[in-house]
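Peer 1: Before I ask anything, let me first share the structure, which is written out below as structure tokens.
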Amino acid sequence: MDIADIATSDYIEVDATERLAKVRSIFERKNPRGIIVTNDGAYEGVIGRRQLLQSHVQDDAKAESLVVSAPKVERTDDVREVARVLVEGGTKIAPVFEADRLWGIVTTNSILEAVLEHLDALTVGDIYTENVVTVAEDTRVGQAINLLREHGISRVPVLDEDGLLSGMVTTHDIVDVVVRDMDKTTRGERAGGNDRILDIPVYDVMSSPVATTDTAESVRSAVSRMLDNDYNGLVVTPEGDDSQVVGILTKTDVLRALTYTEEEHMDVQITNITLLDTISREDVRVDIESVVDKYSDMQVRHAHVRFHEHKEKLRGTPLIQCQIRLRTTEGQIAGSGEGYGAEQSFNVALDKLERNVLELKDVRSDEEYRGQLLRKLGEL
């Protein structure tokens with residue numbers, strides 16, 4: 001299936017010189033997946049809700065101040081490859097070109113709707129994310145924003161004082177509150193208004209009750225509910241108990257699953273691939289495989305590498321955080337680290353991953369030895 005059957009020429013476009021006040025208003029009124037930004041008619045980039053969380057950017061600033069690059073796709077591109085570039089670009093929309101001309105866009109929702117009938121073979125347990133970032137009900141909105149930025153995510157479950165699921169706070173919730181507050185304040189009050197927003201507890205902005213799923217539900221069923229109710233994610237809970245959080249399933253998890261391959265080499269997906277400087281995708285894959293090969297009993301189903309750029313720099317090289325996550329037959333294994341430049345941060349994260357892999361190997365060896373010892377004792 002190519003993207004021509006999925007892409008649409010119906011999209012929202014603003015000029016790079018447009019005021020952010022109008023951009024924020026568009027998100028509030030029309031709730032788009034993203035907005036295309038052009039400069040004198042030429043494609044410039046996109047703006048999503050995540051960019052609007054940069055609360056220090058004032059309404060009088062221009063749209064170009066929040067523009068991020070999005071992967072360009074052709075109308076003839078394969079849907080699996082488009083799913084890959086959306087995940088790696090960290091965006092909800094991608095511009096679609098035809099003969100070097102901007103024709104339209106493709107969204108995460110349109111891809112999921114197109115492949116929905118093929119998702120019955122997967123269960124939530126096959127693809128969900130186990131390591132979940134959570135916040136408490138009294139966590140301040142400013143702290144939640146920092147967590148969303150740091151981990152490159154768009155939602156966090158909220159837990160009550162007993163550690164039970166209480167709600168969900170998303171970029172959508174926060175941006176809506178910010179926009180509403182800005183509409184009520186005057187320019188002179190703006191800075192103080194922003195500070196007040198950042199200080200309120202997430203309990204006041206979260207959504208509740210929370211839509212949940214369990215590991216046995218089919219991905220098709222879960223995605224259908226997300227599309228029907230405009231959810232971007234579901235909290236994964238134990239079957240029959242909606243109060244405990246064991247993971248999360250997002251549309252990005254599903255898109256990532258669409259890119260899984262049966263190729264001879266490990267399938268590696270890289271988010272924010274544009275940050276790669278002195279290393280390539282192939283270097284990343286080979287280095288991760290070399291670590292995994294040290295534990296031959298473990299089979300890796302999928303590897304996800306995420307880079308995140310901080311503002312700090314050293315002689316012009318940005319500080320970058322790298323997170324590596326492996327989905328294996330032994331569960332999920334991860335490693336993270338920071339360094340100046342993608343290569344250094346990747347090597348730090350890879351070293352942490354290797355230590356975690358070898359630790360798992362030692363645990364398995366200890367369990368095998370314990371089992372052998374118990375069997376021998378049972379024979380006495």
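Going by the structure tokens order, chains are called A, B, ..., each with residues numbered from 1, while ligands are numbered from 1 in the order shown.
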Using only C-alpha atoms, tabulate the residues of range 340-364 of chain A lying at most 12 Å from any atom of range 311-318 of chain A, each with its closest atom pair and that distance in Å to one decimal, by chain and increasing residue number, as a tab-separated table.
Peer 2:
residue	atom	partner	partner_atom	distance
A:Tyr340	CA	A:Pro318	CA	5.5
A:Gly341	CA	A:Pro318	CA	5.9
A:Ala342	CA	A:Pro318	CA	8.7
A:Glu343	CA	A:Thr317	CA	11.2
A:Gln344	CA	A:Thr317	CA	10.8
A:Ser345	CA	A:Pro318	CA	10.5
Peer 1: Save the residues we just selected, C-alpha atoms, as a PDB file, in the first residue's frame?
Peer 2:
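Okay, out-v9.pdb is ready:
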ATOM      1  CA  TYR A 340      28.210  16.172  23.630  1.00  0.00           C
ATOM      2  CA  GLY A 341      27.131  15.054  20.203  1.00  0.00           C
ATOM      3  CA  ALA A 342      25.072  12.031  19.190  1.00  0.00           C
ATOM      4  CA  GLU A 343      28.008   9.640  18.988  1.00  0.00           C
ATOM      5  CA  GLN A 344      29.231  10.301  22.526  1.00  0.00           C
ATOM      6  CA  SER A 345      25.744  10.114  24.026  1.00  0.00           C
TER       7      SER A 345
END
Peer 1: Go through range 76-114 of chain A and flag each residue having an atom no more than 12 Å from range 11-31 of chain A; for those, report the closest pair of atoms plus their distance in Å to one decimal, using only C-alpha atoms, ordered by chain and rising number, as JSON lines.
Peer 2:
{"residue": "A:Ile93", "atom": "CA", "partner": "A:Tyr11", "partner_atom": "CA", "distance": 10.1}
{"residue": "A:Ala94", "atom": "CA", "partner": "A:Tyr11", "partner_atom": "CA", "distance": 10.9}
{"residue": "A:Pro95", "atom": "CA", "partner": "A:Tyr11", "partner_atom": "CA", "distance": 9.7}
{"residue": "A:Val96", "atom": "CA", "partner": "A:Tyr11", "partner_atom": "CA", "distance": 10.9}
{"residue": "A:Leu102", "atom": "CA", "partner": "A:Tyr11", "partner_atom": "CA", "distance": 11.0}
{"residue": "A:Trp103", "atom": "CA", "partner": "A:Tyr11", "partner_atom": "CA", "distance": 9.8}
{"residue": "A:Gly104", "atom": "CA", "partner": "A:Tyr11", "partner_atom": "CA", "distance": 6.6}
{"residue": "A:Ile105", "atom": "CA", "partner": "A:Tyr11", "partner_atom": "CA", "distance": 6.7}
{"residue": "A:Val106", "atom": "CA", "partner": "A:Tyr11", "partner_atom": "CA", "distance": 9.4}
{"residue": "A:Thr107", "atom": "CA", "partner": "A:Tyr11", "partner_atom": "CA", "distance": 10.2}
Peer 1: Produce a table with one row for each residue of range 48-121 of chain A that has an atom at most 12 Å from any atom of range 32-44 of chain A, each row naming the nearest atom pair and its distance in Å at one decimal; use only C-alpha atoms; arrange rows by chain and rising residue number; format as CSV.
Peer 2:
residue,atom,partner,partner_atom,distance
A:Gly48,CA,A:Gly34,CA,4.6
A:Arg49,CA,A:Gly34,CA,7.2
A:Arg50,CA,A:Gly34,CA,9.7
A:Gln51,CA,A:Gly34,CA,10.1
A:Leu52,CA,A:Gly34,CA,10.9
A:Lys62,CA,A:Val37,CA,10.9
A:Ala63,CA,A:Val37,CA,7.6
A:Glu64,CA,A:Val37,CA,7.6
A:Ser65,CA,A:Val37,CA,10.9
A:Leu66,CA,A:Val37,CA,9.9
A:Val67,CA,A:Val37,CA,7.3
A:Val68,CA,A:Glu44,CA,8.5
A:Ser69,CA,A:Glu44,CA,7.6
A:Ala70,CA,A:Glu44,CA,9.3
A:Pro71,CA,A:Glu44,CA,11.5
A:Lys72,CA,A:Tyr43,CA,10.1
A:Gly90,CA,A:Gly34,CA,11.8
A:Thr91,CA,A:Gly34,CA,8.2
A:Lys92,CA,A:Arg33,CA,5.8
A:Ile93,CA,A:Gly34,CA,6.1
A:Ala94,CA,A:Ile36,CA,8.9
A:Pro95,CA,A:Ile36,CA,7.7
A:Val96,CA,A:Tyr43,CA,10.6
A:Phe97,CA,A:Tyr43,CA,10.1
A:Asp100,CA,A:Tyr43,CA,10.4
A:Arg101,CA,A:Ala42,CA,9.0
A:Leu102,CA,A:Tyr43,CA,7.1
A:Trp103,CA,A:Tyr43,CA,10.5
A:Gly104,CA,A:Ile36,CA,9.3
A:Ile105,CA,A:Ile36,CA,8.6
A:Val106,CA,A:Arg33,CA,9.9
A:Thr107,CA,A:Arg33,CA,7.1
A:Thr108,CA,A:Arg33,CA,8.4
A:Asn109,CA,A:Arg33,CA,8.7
A:Ser110,CA,A:Arg33,CA,10.7
Peer 1: Restrict the selected residues to N, CA and C atoms and save them as a short mmCIF file (atom, residue, chain, number, x, y, z; two decimals), in the first residue's frame.
Peer 2:
data_model
loop_
_atom_site.label_atom_id
_atom_site.label_comp_id
_atom_site.auth_asym_id
_atom_site.auth_seq_id
_atom_site.Cartn_x
_atom_site.Cartn_y
_atom_site.Cartn_z
N GLY A 48 3.48 21.51 16.03
CA GLY A 48 2.57 20.63 16.74
C GLY A 48 2.32 21.14 18.14
N ARG A 49 1.45 20.46 18.86
CA ARG A 49 1.14 20.89 20.23
C ARG A 49 2.37 20.87 21.13
N ARG A 50 3.26 19.92 20.89
CA ARG A 50 4.45 19.83 21.74
C ARG A 50 5.26 21.12 21.67
N GLN A 51 5.31 21.75 20.49
CA GLN A 51 6.06 23.00 20.37
C GLN A 51 5.40 24.13 21.15
N LEU A 52 4.09 24.07 21.29
CA LEU A 52 3.38 25.12 22.02
C LEU A 52 3.66 25.08 23.52
N LYS A 62 6.72 35.18 16.00
CA LYS A 62 6.27 34.67 14.72
C LYS A 62 6.22 33.14 14.74
N ALA A 63 5.40 32.59 13.88
CA ALA A 63 5.25 31.13 13.80
C ALA A 63 6.58 30.45 13.54
N GLU A 64 7.46 31.10 12.78
CA GLU A 64 8.75 30.49 12.43
C GLU A 64 9.60 30.17 13.66
N SER A 65 9.31 30.83 14.80
CA SER A 65 10.11 30.59 16.01
C SER A 65 9.85 29.21 16.61
N LEU A 66 8.74 28.57 16.24
CA LEU A 66 8.41 27.25 16.78
C LEU A 66 8.43 26.14 15.73
N VAL A 67 8.82 26.48 14.51
CA VAL A 67 8.81 25.50 13.43
C VAL A 67 9.83 24.40 13.68
N VAL A 68 9.42 23.16 13.44
CA VAL A 68 10.35 22.02 13.47
C VAL A 68 10.28 21.33 12.11
N SER A 69 11.37 20.69 11.74
CA SER A 69 11.37 19.98 10.47
C SER A 69 10.56 18.69 10.60
N ALA A 70 9.92 18.31 9.54
CA ALA A 70 9.17 17.05 9.50
C ALA A 70 9.61 16.29 8.26
N PRO A 71 9.63 14.98 8.33
CA PRO A 71 10.08 14.20 7.18
C PRO A 71 9.18 14.39 5.98
N LYS A 72 9.78 14.65 4.83
CA LYS A 72 9.02 14.79 3.60
C LYS A 72 8.80 13.42 2.98
N GLY A 90 9.33 12.24 15.08
CA GLY A 90 8.66 12.69 16.28
C GLY A 90 7.50 13.64 16.02
N THR A 91 6.85 13.49 14.84
CA THR A 91 5.74 14.37 14.50
C THR A 91 4.47 13.57 14.24
N LYS A 92 3.33 14.26 14.29
CA LYS A 92 2.03 13.63 14.04
C LYS A 92 1.62 13.75 12.59
N ILE A 93 2.28 14.63 11.83
CA ILE A 93 1.97 14.80 10.42
C ILE A 93 3.26 14.87 9.62
N ALA A 94 3.17 14.55 8.34
CA ALA A 94 4.30 14.69 7.43
C ALA A 94 3.79 15.32 6.14
N PRO A 95 4.55 16.26 5.58
CA PRO A 95 4.14 16.86 4.31
C PRO A 95 4.31 15.86 3.17
N VAL A 96 3.35 15.83 2.27
CA VAL A 96 3.39 14.92 1.12
C VAL A 96 3.66 15.72 -0.14
N PHE A 97 4.68 15.31 -0.89
CA PHE A 97 5.07 16.04 -2.08
C PHE A 97 4.77 15.22 -3.33
N ASP A 100 8.03 17.51 -6.48
CA ASP A 100 8.64 18.64 -5.76
C ASP A 100 7.65 19.73 -5.37
N ARG A 101 6.36 19.43 -5.41
CA ARG A 101 5.34 20.39 -5.01
C ARG A 101 4.58 19.85 -3.81
N LEU A 102 4.38 20.72 -2.80
CA LEU A 102 3.62 20.31 -1.62
C LEU A 102 2.19 20.00 -2.04
N TRP A 103 1.80 18.75 -1.88
CA TRP A 103 0.47 18.32 -2.31
C TRP A 103 -0.51 18.25 -1.15
N GLY A 104 -0.03 17.80 0.01
CA GLY A 104 -0.92 17.64 1.16
C GLY A 104 -0.17 17.12 2.36
N ILE A 105 -0.86 16.37 3.21
CA ILE A 105 -0.24 15.82 4.41
C ILE A 105 -0.72 14.38 4.62
N VAL A 106 0.02 13.67 5.44
CA VAL A 106 -0.43 12.38 5.94
C VAL A 106 -0.31 12.43 7.45
N THR A 107 -1.27 11.88 8.17
CA THR A 107 -1.27 11.93 9.63
C THR A 107 -1.19 10.52 10.21
N THR A 108 -0.83 10.47 11.48
CA THR A 108 -0.79 9.18 12.18
C THR A 108 -2.16 8.52 12.15
N ASN A 109 -3.19 9.32 12.36
CA ASN A 109 -4.54 8.76 12.37
C ASN A 109 -4.92 8.14 11.03
N SER A 110 -4.59 8.82 9.93
CA SER A 110 -4.98 8.31 8.62
C SER A 110 -4.27 7.00 8.30
#
Peer 1: Could you give me the residues within range 185-258 of chain A that DSSP places in helix (DSSP H, G or I), as a PDB file with N, CA and C atoms, in the first residue's frame?
Peer 2:
ATOM      1  N   ARG A 187      -1.744  41.806  28.056  1.00  0.00           N
ATOM      2  CA  ARG A 187      -0.321  41.636  27.769  1.00  0.00           C
ATOM      3  C   ARG A 187       0.532  41.884  29.000  1.00  0.00           C
ATOM      4  N   GLY A 188       0.174  42.893  29.802  1.00  0.00           N
ATOM      5  CA  GLY A 188       0.969  43.191  30.985  1.00  0.00           C
ATOM      6  C   GLY A 188       0.917  42.094  32.025  1.00  0.00           C
ATOM      7  N   GLU A 189      -0.149  41.306  32.016  1.00  0.00           N
ATOM      8  CA  GLU A 189      -0.305  40.238  33.005  1.00  0.00           C
ATOM      9  C   GLU A 189       0.278  38.912  32.529  1.00  0.00           C
ATOM     10  N   ARG A 190       0.730  38.858  31.268  1.00  0.00           N
ATOM     11  CA  ARG A 190       1.073  37.582  30.643  1.00  0.00           C
ATOM     12  C   ARG A 190       2.122  36.781  31.428  1.00  0.00           C
ATOM     13  N   ALA A 191       3.231  37.438  31.787  1.00  0.00           N
ATOM     14  CA  ALA A 191       4.295  36.699  32.467  1.00  0.00           C
ATOM     15  C   ALA A 191       3.810  36.116  33.780  1.00  0.00           C
ATOM     16  N   GLY A 192       3.106  36.939  34.565  1.00  0.00           N
ATOM     17  CA  GLY A 192       2.592  36.434  35.829  1.00  0.00           C
ATOM     18  C   GLY A 192       1.588  35.328  35.635  1.00  0.00           C
ATOM     19  N   GLY A 193       0.774  35.438  34.548  1.00  0.00           N
ATOM     20  CA  GLY A 193      -0.205  34.398  34.254  1.00  0.00           C
ATOM     21  C   GLY A 193       0.466  33.074  33.951  1.00  0.00           C
ATOM     22  N   ASN A 194       1.557  33.116  33.180  1.00  0.00           N
ATOM     23  CA  ASN A 194       2.291  31.896  32.864  1.00  0.00           C
ATOM     24  C   ASN A 194       2.836  31.238  34.115  1.00  0.00           C
ATOM     25  N   ASP A 195       3.370  32.054  35.027  1.00  0.00           N
ATOM     26  CA  ASP A 195       3.920  31.503  36.264  1.00  0.00           C
ATOM     27  C   ASP A 195       2.836  30.798  37.072  1.00  0.00           C
ATOM     28  N   ARG A 196       1.636  31.397  37.105  1.00  0.00           N
ATOM     29  CA  ARG A 196       0.544  30.785  37.860  1.00  0.00           C
ATOM     30  C   ARG A 196       0.144  29.435  37.251  1.00  0.00           C
ATOM     31  N   ILE A 197       0.135  29.377  35.918  1.00  0.00           N
ATOM     32  CA  ILE A 197      -0.208  28.124  35.246  1.00  0.00           C
ATOM     33  C   ILE A 197       0.794  27.036  35.607  1.00  0.00           C
ATOM     34  N   LEU A 198       2.071  27.372  35.583  1.00  0.00           N
ATOM     35  CA  LEU A 198       3.112  26.378  35.851  1.00  0.00           C
ATOM     36  C   LEU A 198       3.064  25.872  37.280  1.00  0.00           C
ATOM     37  N   ASP A 199       2.483  26.645  38.184  1.00  0.00           N
ATOM     38  CA  ASP A 199       2.452  26.272  39.597  1.00  0.00           C
ATOM     39  C   ASP A 199       1.225  25.465  40.005  1.00  0.00           C
ATOM     40  N   VAL A 202      -1.202  19.149  38.609  1.00  0.00           N
ATOM     41  CA  VAL A 202      -1.749  18.474  37.431  1.00  0.00           C
ATOM     42  C   VAL A 202      -3.150  17.935  37.707  1.00  0.00           C
ATOM     43  N   TYR A 203      -3.478  17.749  38.968  1.00  0.00           N
ATOM     44  CA  TYR A 203      -4.823  17.279  39.325  1.00  0.00           C
ATOM     45  C   TYR A 203      -5.894  18.199  38.736  1.00  0.00           C
ATOM     46  N   ASP A 204      -5.558  19.508  38.630  1.00  0.00           N
ATOM     47  CA  ASP A 204      -6.533  20.487  38.144  1.00  0.00           C
ATOM     48  C   ASP A 204      -6.688  20.479  36.629  1.00  0.00           C
ATOM     49  N   VAL A 219      -4.698  -5.357  19.218  1.00  0.00           N
ATOM     50  CA  VAL A 219      -4.304  -3.993  18.866  1.00  0.00           C
ATOM     51  C   VAL A 219      -5.390  -3.342  18.017  1.00  0.00           C
ATOM     52  N   ARG A 220      -6.048  -4.134  17.178  1.00  0.00           N
ATOM     53  CA  ARG A 220      -7.126  -3.579  16.357  1.00  0.00           C
ATOM     54  C   ARG A 220      -8.226  -2.991  17.235  1.00  0.00           C
ATOM     55  N   SER A 221      -8.640  -3.723  18.252  1.00  0.00           N
ATOM     56  CA  SER A 221      -9.690  -3.252  19.144  1.00  0.00           C
ATOM     57  C   SER A 221      -9.248  -1.997  19.893  1.00  0.00           C
ATOM     58  N   ALA A 222      -8.003  -2.004  20.388  1.00  0.00           N
ATOM     59  CA  ALA A 222      -7.492  -0.863  21.150  1.00  0.00           C
ATOM     60  C   ALA A 222      -7.394   0.380  20.265  1.00  0.00           C
ATOM     61  N   VAL A 223      -6.876   0.204  19.046  1.00  0.00           N
ATOM     62  CA  VAL A 223      -6.732   1.345  18.138  1.00  0.00           C
ATOM     63  C   VAL A 223      -8.101   1.873  17.728  1.00  0.00           C
ATOM     64  N   SER A 224      -9.063   0.982  17.525  1.00  0.00           N
ATOM     65  CA  SER A 224     -10.426   1.415  17.182  1.00  0.00           C
ATOM     66  C   SER A 224     -10.970   2.345  18.254  1.00  0.00           C
ATOM     67  N   ARG A 225     -10.763   1.982  19.513  1.00  0.00           N
ATOM     68  CA  ARG A 225     -11.250   2.838  20.601  1.00  0.00           C
ATOM     69  C   ARG A 225     -10.518   4.180  20.618  1.00  0.00           C
ATOM     70  N   MET A 226      -9.207   4.150  20.336  1.00  0.00           N
ATOM     71  CA  MET A 226      -8.441   5.398  20.308  1.00  0.00           C
ATOM     72  C   MET A 226      -8.944   6.322  19.193  1.00  0.00           C
ATOM     73  N   LEU A 227      -9.180   5.750  18.021  1.00  0.00           N
ATOM     74  CA  LEU A 227      -9.651   6.562  16.901  1.00  0.00           C
ATOM     75  C   LEU A 227     -11.060   7.083  17.136  1.00  0.00           C
ATOM     76  N   ASP A 228     -11.948   6.233  17.660  1.00  0.00           N
ATOM     77  CA  ASP A 228     -13.338   6.623  17.885  1.00  0.00           C
ATOM     78  C   ASP A 228     -13.472   7.734  18.926  1.00  0.00           C
ATOM     79  N   ASN A 229     -12.576   7.721  19.928  1.00  0.00           N
ATOM     80  CA  ASN A 229     -12.679   8.675  21.037  1.00  0.00           C
ATOM     81  C   ASN A 229     -11.607   9.761  21.012  1.00  0.00           C
ATOM     82  N   LYS A 251      -0.350   5.610  20.012  1.00  0.00           N
ATOM     83  CA  LYS A 251      -0.392   5.454  18.563  1.00  0.00           C
ATOM     84  C   LYS A 251       1.014   5.306  17.992  1.00  0.00           C
ATOM     85  N   THR A 252       1.985   5.931  18.635  1.00  0.00           N
ATOM     86  CA  THR A 252       3.368   5.790  18.182  1.00  0.00           C
ATOM     87  C   THR A 252       3.844   4.354  18.332  1.00  0.00           C
ATOM     88  N   ASP A 253       3.443   3.677  19.416  1.00  0.00           N
ATOM     89  CA  ASP A 253       3.790   2.259  19.587  1.00  0.00           C
ATOM     90  C   ASP A 253       3.248   1.431  18.431  1.00  0.00           C
ATOM     91  N   VAL A 254       2.028   1.757  17.999  1.00  0.00           N
ATOM     92  CA  VAL A 254       1.413   0.997  16.910  1.00  0.00           C
ATOM     93  C   VAL A 254       2.119   1.283  15.592  1.00  0.00           C
ATOM     94  N   LEU A 255       2.430   2.550  15.332  1.00  0.00           N
ATOM     95  CA  LEU A 255       3.168   2.890  14.115  1.00  0.00           C
ATOM     96  C   LEU A 255       4.523   2.192  14.093  1.00  0.00           C
ATOM     97  N   ARG A 256       5.163   2.151  15.255  1.00  0.00           N
ATOM     98  CA  ARG A 256       6.466   1.484  15.342  1.00  0.00           C
ATOM     99  C   ARG A 256       6.328   0.002  15.003  1.00  0.00           C
ATOM    100  N   ALA A 257       5.241  -0.613  15.462  1.00  0.00           N
ATOM    101  CA  ALA A 257       5.023  -2.034  15.180  1.00  0.00           C
ATOM    102  C   ALA A 257       4.837  -2.277  13.684  1.00  0.00           C
ATOM    103  N   LEU A 258       4.279  -1.300  12.971  1.00  0.00           N
ATOM    104  CA  LEU A 258       4.087  -1.449  11.530  1.00  0.00           C
ATOM    105  C   LEU A 258       5.409  -1.552  10.794  1.00  0.00           C
TER     106      LEU A 258
END
Peer 1: Considering only strand (DSSP E or B) as DSSP defines it on the backbone, what residues of range 46-263 of chain A qualify? List them as a ChimeraX atom specification.
Peer 2: /A:46-47,62,68,73-74,78,93-98,101-107,123,129,135-136,140,155-159,165-170,201,207,212-213,218,233-236,247-250
Peer 1: Val79 in chain A: which residues within 12 Å, counting only C-alpha atoms, same-chain residues fewer than 2 positions away excluded, as a ChimeraX atom specification?
Peer 2: /A:1-7,73-77,81-86,106-108,110-115,255-256,258-259
Peer 1: Write out, as an mmCIF file, in the first residue's frame, the residues just selected, with N, CA and C atoms.
Peer 2:
data_model
loop_
_atom_site.group_PDB
_atom_site.id
_atom_site.type_symbol
_atom_site.label_atom_id
_atom_site.label_comp_id
_atom_site.auth_asym_id
_atom_site.auth_seq_id
_atom_site.Cartn_x
_atom_site.Cartn_y
_atom_site.Cartn_z
ATOM 1 N N MET A 1 0.847 -1.198 0.000
ATOM 2 C CA MET A 1 0.000 0.000 0.000
ATOM 3 C C MET A 1 0.881 1.245 0.000
ATOM 4 N N ASP A 2 0.645 2.172 -0.957
ATOM 5 C CA ASP A 2 1.420 3.410 -0.921
ATOM 6 C C ASP A 2 0.568 4.520 -0.311
ATOM 7 N N ILE A 3 1.222 5.645 -0.093
ATOM 8 C CA ILE A 3 0.599 6.703 0.708
ATOM 9 C C ILE A 3 -0.433 7.505 -0.089
ATOM 10 N N ALA A 4 -0.475 7.314 -1.410
ATOM 11 C CA ALA A 4 -1.414 8.070 -2.247
ATOM 12 C C ALA A 4 -2.864 7.839 -1.831
ATOM 13 N N ASP A 5 -3.145 6.632 -1.323
ATOM 14 C CA ASP A 5 -4.511 6.305 -0.917
ATOM 15 C C ASP A 5 -4.871 6.862 0.457
ATOM 16 N N ILE A 6 -3.876 7.380 1.168
ATOM 17 C CA ILE A 6 -4.081 7.804 2.554
ATOM 18 C C ILE A 6 -3.926 9.309 2.731
ATOM 19 N N ALA A 7 -3.016 9.906 1.953
ATOM 20 C CA ALA A 7 -2.727 11.332 2.094
ATOM 21 C C ALA A 7 -3.942 12.178 1.724
ATOM 22 N N VAL A 73 7.591 13.178 2.508
ATOM 23 C CA VAL A 73 7.296 11.902 1.856
ATOM 24 C C VAL A 73 6.673 12.165 0.488
ATOM 25 N N GLU A 74 6.800 11.183 -0.384
ATOM 26 C CA GLU A 74 6.189 11.250 -1.705
ATOM 27 C C GLU A 74 4.873 10.486 -1.699
ATOM 28 N N ARG A 75 3.972 10.856 -2.578
ATOM 29 C CA ARG A 75 2.676 10.187 -2.627
ATOM 30 C C ARG A 75 2.807 8.706 -2.971
ATOM 31 N N THR A 76 3.929 8.322 -3.571
ATOM 32 C CA THR A 76 4.128 6.923 -3.969
ATOM 33 C C THR A 76 4.878 6.111 -2.921
ATOM 34 N N ASP A 77 5.256 6.736 -1.790
ATOM 35 C CA ASP A 77 6.014 6.015 -0.756
ATOM 36 C C ASP A 77 5.155 4.936 -0.105
ATOM 37 N N GLU A 81 7.146 2.616 5.334
ATOM 38 C CA GLU A 81 8.261 3.558 5.394
ATOM 39 C C GLU A 81 7.796 4.908 5.923
ATOM 40 N N VAL A 82 6.588 5.322 5.563
ATOM 41 C CA VAL A 82 6.048 6.579 6.077
ATOM 42 C C VAL A 82 5.819 6.477 7.583
ATOM 43 N N ALA A 83 5.335 5.329 8.043
ATOM 44 C CA ALA A 83 5.170 5.127 9.484
ATOM 45 C C ALA A 83 6.509 5.268 10.184
ATOM 46 N N ARG A 84 7.554 4.725 9.583
ATOM 47 C CA ARG A 84 8.893 4.811 10.182
ATOM 48 C C ARG A 84 9.354 6.262 10.296
ATOM 49 N N VAL A 85 9.207 7.039 9.222
ATOM 50 C CA VAL A 85 9.723 8.404 9.268
ATOM 51 C C VAL A 85 8.900 9.291 10.195
ATOM 52 N N LEU A 86 7.606 8.991 10.363
ATOM 53 C CA LEU A 86 6.806 9.747 11.330
ATOM 54 C C LEU A 86 7.306 9.499 12.749
ATOM 55 N N VAL A 106 0.020 13.675 5.441
ATOM 56 C CA VAL A 106 -0.433 12.381 5.938
ATOM 57 C C VAL A 106 -0.306 12.431 7.454
ATOM 58 N N THR A 107 -1.270 11.883 8.170
ATOM 59 C CA THR A 107 -1.274 11.929 9.630
ATOM 60 C C THR A 107 -1.190 10.524 10.212
ATOM 61 N N THR A 108 -0.826 10.468 11.483
ATOM 62 C CA THR A 108 -0.786 9.177 12.177
ATOM 63 C C THR A 108 -2.160 8.524 12.152
ATOM 64 N N SER A 110 -4.594 8.823 9.931
ATOM 65 C CA SER A 110 -4.977 8.307 8.618
ATOM 66 C C SER A 110 -4.270 6.999 8.305
ATOM 67 N N ILE A 111 -3.028 6.861 8.756
ATOM 68 C CA ILE A 111 -2.304 5.604 8.543
ATOM 69 C C ILE A 111 -2.943 4.484 9.356
ATOM 70 N N LEU A 112 -3.245 4.764 10.624
ATOM 71 C CA LEU A 112 -3.835 3.736 11.473
ATOM 72 C C LEU A 112 -5.214 3.308 10.975
ATOM 73 N N GLU A 113 -5.991 4.254 10.477
ATOM 74 C CA GLU A 113 -7.299 3.914 9.920
ATOM 75 C C GLU A 113 -7.150 3.002 8.701
ATOM 76 N N ALA A 114 -6.114 3.255 7.902
ATOM 77 C CA ALA A 114 -5.919 2.483 6.672
ATOM 78 C C ALA A 114 -5.479 1.045 6.945
ATOM 79 N N VAL A 115 -4.731 0.836 8.044
ATOM 80 C CA VAL A 115 -4.189 -0.512 8.308
ATOM 81 C C VAL A 115 -4.957 -1.229 9.410
ATOM 82 N N LEU A 255 2.430 2.550 15.332
ATOM 83 C CA LEU A 255 3.168 2.890 14.115
ATOM 84 C C LEU A 255 4.523 2.192 14.093
ATOM 85 N N ARG A 256 5.163 2.151 15.255
ATOM 86 C CA ARG A 256 6.466 1.484 15.342
ATOM 87 C C ARG A 256 6.328 0.002 15.003
ATOM 88 N N LEU A 258 4.279 -1.300 12.971
ATOM 89 C CA LEU A 258 4.087 -1.449 11.530
ATOM 90 C C LEU A 258 5.409 -1.552 10.794
ATOM 91 N N THR A 259 6.478 -1.052 11.406
ATOM 92 C CA THR A 259 7.778 -1.051 10.732
ATOM 93 C C THR A 259 8.606 -2.287 11.053
#
Peer 1: Any chance you could tabulate, as CSV, the residues of range 52-145 of chain A at most 7 Å from range 209-217 of chain A with each one's nearest atom pair and distance in Å to one decimal, using only C-alpha atoms, in chain and rising number order?
Peer 2:
residue,atom,partner,partner_atom,distance
A:Thr123,CA,A:Glu217,CA,5.6
A:Val124,CA,A:Thr215,CA,4.7
A:Gly125,CA,A:Thr215,CA,4.1
Peer 1: Since we have the selection now, will you write its residues out, keeping C-alpha atoms, as a tab-separated table (two decimals), in the first residue's frame?
Peer 2:
chain	number	residue	atom	x	y	z
A	123	THR	CA	-2.10	-8.00	21.02
A	124	VAL	CA	-1.40	-5.01	23.24
A	125	GLY	CA	1.11	-7.20	25.09
Peer 1: Provide the CA of Val177 in chain A to CA of Val205 in chain A distance in Å, to one decimal place.
Peer 2: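 Here the two named atoms are 7.3 Å from each other.
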Peer 1: Would you mind listing what lies within 7 Å of Val169 in chain A as a VMD selection string, with only C-alpha atoms counted and same-chain residues fewer than 3 positions away left out?
Peer 2: chain A and resid 155 to 158 173 202 205 to 207
Peer 1: Name the residues in contact with Leu159 in chain A at a cut-off of 9 Å, using only C-alpha atoms, excluding same-chain residues fewer than 4 positions from it; report them as a list in words.
Peer 2: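 Residues meeting the cut-off are Thr134, Val135, Ala136, Glu137, Gly163, Leu164, Leu165, Ser166, Gly167, Met168 and Val245 of chain A.
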Peer 1: Using only C-alpha atoms for the distances, tell me which of A:Asp59, A:Gln269, A:Ile333, A:Gln323 is nearest to Leu358 in chain A.
Peer 2: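 The closest residue to Leu358 in chain A is A:Ile333.
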Peer 1: If you measure from CA of Thr271 in chain A to CA of Phe307 in chain A, what distance in Å do you get, rounded to one decimal?
Peer 2: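 So the two atoms, CA of Thr271 in chain A and CA of Phe307 in chain A, lie 6.2 Å apart.
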